[in-house]
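Asks: What follows is protein-v3.cif, made up of mmCIF, C-alpha atoms:
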data_protein
loop_
_atom_site.label_atom_id
_atom_site.label_comp_id
_atom_site.auth_asym_id
_atom_site.auth_seq_id
_atom_site.Cartn_x
_atom_site.Cartn_y
_atom_site.Cartn_z
CA MET A 1 270.32 -61.32 77.16
CA ILE A 2 268.27 -64.50 77.51
CA TYR A 3 269.26 -64.77 81.17
CA VAL A 4 268.07 -61.21 81.88
CA LEU A 5 264.75 -61.92 80.18
CA LEU A 6 264.31 -65.14 82.17
CA ALA A 7 265.27 -63.45 85.43
CA SER A 8 262.86 -60.55 85.00
CA MET A 9 259.99 -62.67 83.68
CA PRO A 10 258.57 -63.60 87.14
CA ALA A 11 258.38 -59.90 88.08
CA VAL A 12 256.54 -59.10 84.86
CA LEU A 13 254.17 -62.06 85.16
CA ILE A 14 253.25 -61.12 88.73
CA GLY A 15 252.84 -57.55 87.54
CA ILE A 16 250.50 -58.66 84.77
CA TYR A 17 248.40 -60.64 87.24
CA ASN A 18 248.39 -57.74 89.69
CA THR A 19 247.26 -55.33 86.97
CA GLY A 20 244.27 -57.53 86.31
CA LEU A 21 243.67 -57.97 90.03
CA GLN A 22 243.69 -54.24 90.76
CA SER A 23 241.47 -53.59 87.73
CA ASN A 24 238.93 -56.22 88.76
CA LEU A 25 238.92 -54.95 92.34
CA ALA A 26 238.27 -51.42 91.05
CA ILE A 27 235.45 -52.67 88.81
CA GLN A 28 233.91 -54.47 91.76
CA GLN A 29 234.30 -51.43 94.01
CA LEU A 30 232.70 -49.11 91.46
CA GLY A 31 229.82 -51.52 90.87
CA LEU A 32 230.59 -51.95 87.15
CA VAL A 33 229.63 -55.05 85.20
CA SER A 34 232.11 -54.69 82.33
CA VAL A 35 234.66 -52.40 80.68
CA ASP A 36 234.28 -50.62 77.39
CA GLY A 37 236.35 -51.13 74.25
CA TRP A 38 238.10 -54.08 72.71
CA ARG A 39 239.34 -55.41 76.04
CA GLY A 40 235.79 -55.72 77.31
CA ALA A 41 234.79 -57.45 74.08
CA ILE A 42 237.58 -60.02 74.41
CA ILE A 43 236.75 -60.70 78.07
CA GLU A 44 233.10 -61.17 77.13
CA LEU A 45 234.06 -63.43 74.23
CA LEU A 46 236.21 -65.60 76.51
CA ASP A 47 233.50 -65.48 79.19
CA ILE A 48 235.99 -65.05 82.03
CA GLY A 49 234.35 -62.13 83.82
CA TYR A 50 235.87 -59.69 86.29
CA ASP A 51 236.03 -61.70 89.48
CA PRO A 52 239.11 -60.55 91.49
CA THR A 53 239.27 -63.95 93.20
CA ASP A 54 239.59 -65.71 89.83
CA LYS A 55 243.31 -65.90 89.04
CA TRP A 56 242.72 -66.70 85.39
CA ALA A 57 240.41 -63.69 84.99
CA CYS A 58 243.02 -61.42 86.60
CA LEU A 59 245.86 -62.80 84.48
CA VAL A 60 243.99 -62.40 81.18
CA HIS A 61 242.74 -58.92 82.07
CA GLY A 62 246.27 -57.82 82.99
CA LEU A 63 247.70 -59.34 79.83
CA LEU A 64 245.28 -57.29 77.74
CA TYR A 65 247.03 -54.18 79.07
CA PHE A 66 250.66 -55.34 79.05
CA LEU A 67 250.67 -57.05 75.65
CA PRO A 68 249.78 -53.93 73.60
CA ILE A 69 252.38 -51.90 75.52
CA TYR A 70 255.09 -54.46 74.80
CA LEU A 71 254.13 -54.93 71.15
CA VAL A 72 254.19 -51.17 70.54
CA THR A 73 257.56 -50.99 72.31
CA LEU A 74 258.96 -53.73 70.07
CA ALA A 75 257.56 -52.19 66.89
CA ALA A 76 258.57 -48.57 67.51
CA GLY A 77 261.96 -49.34 69.01
CA GLY A 78 262.64 -52.03 66.42
CA VAL A 79 262.15 -49.55 63.59
CA TRP A 80 264.90 -47.34 65.00
CA GLU A 81 267.18 -50.30 65.62
CA VAL A 82 266.82 -51.51 62.04
CA LEU A 83 267.18 -48.00 60.62
CA PHE A 84 270.45 -47.33 62.44
CA ALA A 85 271.72 -50.81 61.59
CA LEU A 86 271.11 -50.15 57.89
CA VAL A 87 272.77 -46.75 58.00
CA ARG A 88 275.82 -48.12 59.82
CA ASN A 89 275.86 -51.37 57.83
CA HIS A 90 275.89 -53.69 60.83
CA GLU A 91 273.60 -56.37 62.24
CA VAL A 92 270.64 -55.60 64.48
CA ASN A 93 271.75 -56.14 68.05
CA GLU A 94 269.61 -58.43 70.18
CA GLY A 95 270.18 -56.18 73.19
CA PHE A 96 267.05 -54.28 72.22
CA LEU A 97 264.95 -57.25 73.36
CA VAL A 98 266.07 -56.61 76.93
CA THR A 99 265.66 -52.84 76.60
CA SER A 100 262.11 -53.17 75.27
CA TRP A 101 261.13 -55.72 77.90
CA LEU A 102 262.46 -53.68 80.83
CA PHE A 103 261.03 -50.44 79.43
CA ALA A 104 257.54 -51.92 79.13
CA ALA A 105 257.80 -53.28 82.67
CA THR A 106 258.40 -49.80 84.13
CA LEU A 107 255.19 -48.31 82.71
CA PRO A 108 251.73 -47.99 84.26
CA ALA A 109 248.99 -50.02 82.59
CA SER A 110 246.95 -46.97 81.61
CA ILE A 111 249.63 -45.20 79.57
CA PRO A 112 248.54 -44.20 76.01
CA LEU A 113 250.22 -46.35 73.39
CA TRP A 114 251.43 -43.36 71.39
CA GLN A 115 253.40 -42.28 74.44
CA VAL A 116 254.88 -45.76 74.67
CA ALA A 117 256.13 -45.41 71.09
CA LEU A 118 257.49 -41.94 71.76
CA GLY A 119 259.22 -42.97 74.97
CA ILE A 120 261.03 -46.01 73.55
CA SER A 121 262.01 -43.97 70.47
CA PHE A 122 263.60 -41.34 72.68
CA GLY A 123 265.33 -44.00 74.78
CA VAL A 124 266.78 -45.88 71.80
CA VAL A 125 267.81 -42.86 69.73
CA ILE A 126 268.96 -40.40 72.39
CA GLY A 127 269.95 -42.89 75.05
CA LYS A 128 271.90 -45.29 72.84
CA GLU A 129 272.18 -44.80 69.09
CA VAL A 130 273.56 -41.24 69.13
CA PHE A 131 276.50 -42.59 71.13
CA GLY A 132 277.23 -45.36 68.64
CA GLY A 133 274.77 -48.09 69.53
CA THR A 134 274.84 -51.06 71.89
CA GLY A 135 277.95 -51.22 74.03
CA LYS A 136 278.82 -47.55 73.54
CA ASN A 137 275.98 -45.91 75.45
CA PHE A 138 276.73 -44.60 78.93
CA LEU A 139 273.07 -44.31 79.93
CA ASN A 140 270.52 -47.08 80.34
CA PRO A 141 268.24 -46.55 77.29
CA ALA A 142 265.15 -48.03 78.98
CA LEU A 143 265.50 -45.54 81.85
CA VAL A 144 266.18 -42.68 79.46
CA GLY A 145 262.86 -43.39 77.72
CA ARG A 146 261.05 -43.71 81.06
CA ALA A 147 262.55 -40.46 82.34
CA PHE A 148 261.52 -38.66 79.14
CA LEU A 149 257.91 -39.75 79.59
CA PHE A 150 257.91 -38.72 83.25
CA PHE A 151 259.03 -35.17 82.56
CA ALA A 152 257.22 -34.72 79.24
CA TYR A 153 253.86 -36.23 80.22
CA PRO A 154 253.62 -36.27 84.03
CA ALA A 155 249.82 -36.50 84.00
CA GLN A 156 249.92 -39.85 82.17
CA ILE A 157 252.95 -41.34 83.94
CA SER A 158 252.39 -40.25 87.54
CA GLY A 159 249.50 -39.40 89.81
CA ASN A 160 246.82 -41.32 91.64
CA GLU A 161 244.60 -42.05 88.66
CA VAL A 162 247.06 -43.82 86.36
CA TRP A 163 247.95 -46.97 88.26
CA VAL A 164 244.63 -48.78 87.83
CA PRO A 165 243.33 -48.56 84.23
CA VAL A 166 239.64 -48.25 85.10
CA ASP A 167 237.75 -45.06 84.28
CA ALA A 168 236.52 -43.02 87.27
CA TYR A 169 238.81 -44.88 89.66
CA SER A 170 241.53 -43.10 91.61
CA GLY A 171 243.94 -44.54 94.13
CA ALA A 172 247.46 -43.67 95.27
CA THR A 173 250.38 -46.07 95.20
CA PRO A 174 251.91 -47.03 98.56
CA LEU A 175 254.91 -44.87 97.69
CA ALA A 176 252.71 -41.83 97.14
CA LEU A 177 250.92 -42.54 100.42
CA ALA A 178 254.26 -42.80 102.20
CA ALA A 179 255.34 -39.40 100.87
CA GLU A 180 252.32 -37.87 102.59
CA GLY A 181 252.18 -39.76 105.86
CA GLY A 182 254.90 -42.39 106.10
CA VAL A 183 254.28 -46.04 106.92
CA ASN A 184 251.10 -45.22 108.87
CA ALA A 185 249.49 -43.84 105.73
CA ILE A 186 250.25 -47.10 103.91
CA THR A 187 249.00 -49.48 106.57
CA SER A 188 245.88 -47.39 107.22
CA ASN A 189 244.94 -48.01 103.58
CA GLY A 190 245.01 -51.75 104.17
CA ILE A 191 248.42 -52.44 102.61
CA SER A 192 250.82 -54.56 104.65
CA TRP A 193 254.55 -55.06 104.16
CA SER A 194 253.88 -58.56 102.85
CA ASP A 195 251.48 -57.13 100.24
CA ALA A 196 254.22 -54.79 99.06
CA PHE A 197 256.83 -57.57 99.14
CA ILE A 198 254.72 -60.05 97.14
CA GLY A 199 253.28 -57.46 94.77
CA THR A 200 249.54 -57.11 95.35
CA MET A 201 249.45 -53.31 95.30
CA GLN A 202 249.19 -50.46 92.83
CA GLY A 203 252.24 -49.49 90.78
CA SER A 204 254.01 -49.87 87.44
CA ILE A 205 253.44 -53.25 85.81
CA GLY A 206 256.74 -55.01 86.45
CA GLU A 207 257.92 -53.20 89.57
CA VAL A 208 255.33 -54.20 92.17
CA SER A 209 256.81 -57.51 93.36
CA ALA A 210 260.02 -57.12 95.35
CA LEU A 211 260.03 -60.89 95.90
CA ALA A 212 260.13 -61.65 92.18
CA CYS A 213 262.81 -58.99 91.63
CA LEU A 214 264.89 -60.46 94.46
CA LEU A 215 264.65 -63.98 93.02
CA GLY A 216 265.50 -62.74 89.52
CA GLY A 217 268.43 -60.71 90.82
CA ALA A 218 269.76 -63.70 92.75
CA PHE A 219 269.65 -65.76 89.56
CA LEU A 220 271.59 -63.09 87.64
CA MET A 221 274.20 -62.78 90.37
CA LEU A 222 274.68 -66.55 90.63
CA THR A 223 275.17 -66.81 86.87
CA GLY A 224 277.60 -63.88 86.89
CA ILE A 225 275.44 -61.74 84.61
CA ALA A 226 274.83 -59.10 87.31
CA SER A 227 277.46 -57.87 89.74
CA TRP A 228 276.79 -58.70 93.38
CA ARG A 229 279.03 -55.77 94.29
CA ILE A 230 276.69 -53.30 92.58
CA VAL A 231 273.60 -54.80 94.21
CA SER A 232 275.31 -54.86 97.60
CA GLY A 233 276.44 -51.26 97.11
CA VAL A 234 272.91 -50.14 96.27
CA MET A 235 271.53 -51.91 99.34
CA LEU A 236 274.21 -50.53 101.66
CA GLY A 237 273.76 -47.03 100.30
CA MET A 238 270.01 -47.28 100.81
CA ILE A 239 270.22 -48.76 104.31
CA VAL A 240 272.83 -46.33 105.64
CA THR A 241 271.06 -43.28 104.18
CA THR A 242 267.72 -44.47 105.55
CA LEU A 243 269.17 -44.98 109.03
CA VAL A 244 270.64 -41.48 108.97
CA PHE A 245 267.26 -39.96 108.07
CA ASN A 246 265.56 -42.12 110.71
CA PHE A 247 267.96 -40.70 113.29
CA VAL A 248 268.08 -37.02 112.37
CA GLY A 249 264.72 -36.47 110.67
CA PRO A 250 261.53 -35.23 112.31
CA ALA A 251 259.28 -38.04 113.48
CA SER A 252 256.10 -38.83 111.54
CA GLN A 253 256.94 -36.48 108.67
CA GLY A 254 256.65 -38.21 105.33
CA MET A 255 259.40 -40.73 104.74
CA TYR A 256 261.89 -39.53 107.35
CA ASP A 257 260.98 -42.30 109.77
CA MET A 258 260.33 -45.01 107.17
CA PRO A 259 262.44 -48.17 107.81
CA TRP A 260 264.83 -49.38 105.10
CA TYR A 261 262.92 -52.63 104.57
CA TRP A 262 259.88 -50.59 103.50
CA HIS A 263 261.96 -48.57 101.05
CA PHE A 264 263.15 -51.80 99.46
CA VAL A 265 259.64 -53.09 98.68
CA LEU A 266 258.10 -49.80 97.52
CA GLY A 267 258.16 -48.33 94.03
CA GLY A 268 260.83 -49.48 91.62
CA PHE A 269 263.68 -49.86 94.10
CA ALA A 270 264.00 -53.65 93.93
CA PHE A 271 263.46 -53.69 90.15
CA GLY A 272 266.01 -50.94 89.63
CA ALA A 273 268.62 -52.46 91.93
CA MET A 274 268.43 -55.91 90.33
CA PHE A 275 267.83 -55.21 86.63
CA MET A 276 268.68 -51.56 85.86
CA ALA A 277 271.63 -50.60 88.04
CA THR A 278 273.45 -53.81 87.07
CA ASP A 279 273.43 -53.06 83.34
CA PRO A 280 277.08 -53.89 82.48
CA VAL A 281 277.28 -51.27 79.72
CA SER A 282 276.24 -48.22 81.73
CA ALA A 283 277.54 -49.30 85.17
CA SER A 284 281.02 -49.05 86.66
CA MET A 285 283.39 -51.78 85.54
CA THR A 286 286.11 -51.76 88.23
CA ARG A 287 285.53 -53.78 91.39
CA THR A 288 285.97 -50.85 93.75
CA GLY A 289 284.01 -48.63 91.38
CA MET A 290 281.05 -51.02 91.51
CA TRP A 291 280.77 -50.54 95.27
CA ILE A 292 280.97 -46.75 94.94
CA TYR A 293 278.57 -46.70 92.00
CA GLY A 294 276.00 -48.86 93.82
CA GLY A 295 276.33 -46.89 97.04
CA LEU A 296 275.81 -43.64 95.15
CA ILE A 297 272.59 -44.96 93.60
CA GLY A 298 271.23 -46.11 96.96
CA PHE A 299 272.12 -42.78 98.57
CA ILE A 300 270.60 -40.62 95.82
CA ALA A 301 267.42 -42.71 95.63
CA ILE A 302 266.63 -42.28 99.32
CA LEU A 303 267.72 -38.65 99.29
CA ILE A 304 265.21 -37.88 96.53
CA ARG A 305 262.45 -39.92 98.13
CA VAL A 306 262.77 -38.36 101.57
CA VAL A 307 263.76 -34.76 100.86
CA ASN A 308 261.73 -34.12 97.71
CA PRO A 309 258.04 -34.88 98.42
CA ALA A 310 257.07 -33.89 94.87
CA PHE A 311 258.96 -36.89 93.46
CA ALA A 312 258.37 -39.89 95.70
CA GLU A 313 260.17 -42.49 93.54
CA GLY A 314 263.81 -41.43 93.08
CA VAL A 315 265.26 -44.74 91.87
CA MET A 316 265.08 -43.96 88.15
CA LEU A 317 266.90 -40.65 88.47
CA ALA A 318 269.40 -42.14 90.93
CA ILE A 319 270.42 -44.84 88.42
CA LEU A 320 270.74 -42.32 85.58
CA PHE A 321 272.81 -40.13 87.90
CA GLY A 322 275.00 -43.15 88.65
CA ASN A 323 275.33 -43.89 84.91
CA VAL A 324 276.68 -40.38 84.32
CA PHE A 325 279.28 -40.71 87.05
CA ALA A 326 280.29 -44.34 86.37
CA PRO A 327 283.12 -43.42 83.93
CA VAL A 328 284.42 -40.81 86.37
CA ILE A 329 284.32 -43.29 89.24
CA ASP A 330 286.24 -45.88 87.21
CA HIS A 331 288.78 -43.26 86.11
CA PHE A 332 289.65 -42.30 89.68
CA VAL A 333 289.74 -45.92 90.79
CA VAL A 334 292.17 -46.80 87.99
CA GLN A 335 294.33 -43.75 88.72
CA SER A 336 294.37 -44.66 92.41
CA ASN A 337 295.52 -48.18 91.56
CA ILE A 338 298.26 -46.83 89.32
CA ARG A 339 299.54 -44.48 92.04
CA ARG A 340 299.47 -47.26 94.60
CA ARG A 341 301.49 -49.57 92.34
CA LYS A 342 304.04 -46.86 91.59
CA THR A 343 304.41 -46.19 95.30
CA ARG A 344 304.89 -49.90 96.03
CA GLU A 345 307.47 -50.26 93.23
CA SER A 346 309.40 -47.22 94.38
CA ASN A 347 309.54 -48.59 97.93
CA GLU A 348 310.91 -51.86 96.63
#
Could you write out this structure as structure tokens?

Replies:
Amino acid sequence: MIYVLLASMPAVLIGIYNTGLQSNLAIQQLGLVSVDGWRGAIIELLDIGYDPTDKWACLVHGLLYFLPIYLVTLAAGGVWEVLFALVRNHEVNEGFLVTSWLFAATLPASIPLWQVALGISFGVVIGKEVFGGTGKNFLNPALVGRAFLFFAYPAQISGNEVWVPVDAYSGATPLALAAEGGVNAITSNGISWSDAFIGTMQGSIGEVSALACLLGGAFLMLTGIASWRIVSGVMLGMIVTTLVFNFVGPASQGMYDMPWYWHFVLGGFAFGAMFMATDPVSASMTRTGMWIYGGLIGFIAILIRVVNPAFAEGVMLAILFGNVFAPVIDHFVVQSNIRRRKTRESNE
């Protein structure tokens, strides 16, 4: 659990800085001198201002959005963890620290805090505890909570106005731009591939930096915490599916002609591939099954992104879809191994 927190921390820290950066840029663009509420009061008290070129000002401003989200996640989810632990007479599992951290990282900075509490409650109770608690859930609880918020409150979790928490500001994420006009729509808005790779663009707090996600994922794979087979499967599934759409799809229509390396850096693909799909509890456990499971996630994610313009992300639902089929995949892999051994023994 500590390794996962350490690995995902660079992605969250860059996301915090980027939240402040995007907010300060919006304030500058709108000609504002300050923001209302307690955040504005703290910034004025610290006398750091809203200069987007000041890294300290951007980091503090971003932290003022992420910290309340994470604290509410810990408090609301922790209540359910303790409650179920008392009822079942067992210790509180530290796995919730990872769930709460990853859940908070997938949210936009402008989300109402009461929705944060509701989302993590749904994820912990329905995604994990009803199945017996940590180790017995077949769905990733952080993604279950995120999916609940997306379908229950789409206005606060998606759309052009939610990514930068500044009143009267509206701006689409690169992924939303791509759904409308492909790569050309992204670059025409002044966003380069390197911007998307490093993480200086609009998006959910912890998902903007593909570079940080890649470094964190490499650390988890080297330490054996995350399966390189799952990550490789996700990448292969994404690349092959993207190449097929590039070949058969109509040119210049949404994401049909988008290259695979753009898909990797947009939205939550890198974050999902490195930190969500590799969850050992909800992923496939057989070696062959890991390849199939990862490939299925990569395929479904691109299929949703390209074919369904109303839902430009796709990664969250693809991983949950993979979670559902992981036990089935492992079952058929095991049965195939058993049949192969019986055949070999009978031939001997």

Asks: Could you list, as an MDAnalysis selection string, every residue matched by the PyMOL selection byres ((chain A and resi 278-291) around 10) in this structure?

Replies: chainID A and resid 4 134:141 217 220:221 225:234 236:237 272:277 292:296 319:320 322:334

Asks: Nearest to A:Ala310: which of A:Ala76, A:Ala57, A:Ala176, A:Val87 is it, counting all atoms listed in the file?

Replies: A:Ala176

Asks: Mind pulling up the distance from atom CA of A:Phe103 to atom CA of A:Lys128?

Replies: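 So the two atoms, atom CA of A:Lys128 and atom CA of A:Phe103, lie 13.7 Å apart.
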
Asks: Evaluate the PyMOL selection byres ((chain A and resi 303) around 12) and record the selected residues as a PyMOL selection string, following the chain and residue labels used in the document.

Replies: chain A and resi 237-245+249+255-256+263+296-302+304-309+311-315+317-318

Asks: Using only C-alpha atoms, which residues sit within 8 Å of A:Phe219 once same-chain residues fewer than 4 positions away are excluded, as a list in words?

Replies: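 Residues meeting the cut-off are Ala7, Leu215 and Thr223 of chain A.
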
Asks: Do you know which residues lie at most 9 Å from (240.7, -41.6, 95.7), with coordinates as in the file and all atoms listed in the file counted, and could you write them as a PyMOL selection string?

Replies: chain A and resi 160-161+169-172

Asks: For the residues selected in the previous step, produce a file with C-alpha atoms as a PDB file, in the coordinates of the input.

Replies:
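Okay, this is what ended up in result_30.pdb:
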ATOM      1  CA  ASN A 160     246.820 -41.320  91.640  1.00  0.00           C
ATOM      2  CA  GLU A 161     244.600 -42.050  88.660  1.00  0.00           C
ATOM      3  CA  TYR A 169     238.810 -44.880  89.660  1.00  0.00           C
ATOM      4  CA  SER A 170     241.530 -43.100  91.610  1.00  0.00           C
ATOM      5  CA  GLY A 171     243.940 -44.540  94.130  1.00  0.00           C
ATOM      6  CA  ALA A 172     247.460 -43.670  95.270  1.00  0.00           C
TER       7      ALA A 172
END

Asks: List the residues selected by the PyMOL selection byres ((chain A and resi 25) around 12) in the file shown, writing them as a PyMOL selection string.

Replies: chain A and resi 18-24+26-33+50-54+57-58+61+164-166+169+171+200-202

Asks: Looking at A:Asn184, A:Ser34, A:Ser336, A:Gln115, which one is nearest to A:Asp257, with distances taken over only C-alpha atoms?

Replies: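 Going through A:Asn184, A:Ser34, A:Ser336, A:Gln115 one by one, the smallest distance to A:Asp257 is for A:Asn184.
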
Asks: To one decimal in Å, tell me the separation between atom CA of A:Tyr70 and atom CA of A:Gly224.

Replies: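 Separation between atom CA of A:Tyr70 and atom CA of A:Gly224: 27.2 Å.
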
Asks: Work out how far apart atom CA of A:Trp163 and atom CA of A:Val208 are and give it in Å to one decimal.

Replies: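 Separating atom CA of A:Trp163 from atom CA of A:Val208 is a distance of 11.0 Å.
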
Asks: For A:Gly268, which of A:Leu102, A:Leu6, A:Ile120, A:Ala168 is the closest residue, counting all atoms listed in the file?

Replies: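 Looking only at the distances to A:Gly268, the closest residue turns out to be A:Leu102.
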
Asks: Quick one: axis-aligned box around all listed atoms of stretch 324-342 of chain A, 3 Å on every side, centre and edge lengths in Å to one decimal, written as lines of an AutoDock Vina configuration file.

Replies:
center_x = 290.4
center_y = -45.0
center_z = 89.3
size_x = 33.4
size_y = 15.2
size_z = 16.7

Asks: Find, counting only C-alpha atoms, the residue in A:Leu175, A:Leu211, A:Ile69, A:Leu59 that gets nearest to A:Ser110.

Replies: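 Residue with the minimum atom-to-atom distance to A:Ser110: A:Ile69.
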
Asks: At a cut-off of 9 Å, using all atoms listed in the file, what residues contact stretch 189-194 of chain A? Leave out same-chain residues fewer than 2 positions from it and give the result as a CSV table (one decimal) with C-alpha atoms, in the frame of the given file.

Replies:
chain,number,residue,atom,x,y,z
A,174,PRO,CA,251.9,-47.0,98.6
A,177,LEU,CA,250.9,-42.5,100.4
A,184,ASN,CA,251.1,-45.2,108.9
A,185,ALA,CA,249.5,-43.8,105.7
A,186,ILE,CA,250.2,-47.1,103.9
A,187,THR,CA,249.0,-49.5,106.6
A,196,ALA,CA,254.2,-54.8,99.1
A,197,PHE,CA,256.8,-57.6,99.1
A,198,ILE,CA,254.7,-60.0,97.1
A,199,GLY,CA,253.3,-57.5,94.8
A,200,THR,CA,249.5,-57.1,95.4
A,201,MET,CA,249.4,-53.3,95.3
A,261,TYR,CA,262.9,-52.6,104.6
A,262,TRP,CA,259.9,-50.6,103.5
A,265,VAL,CA,259.6,-53.1,98.7
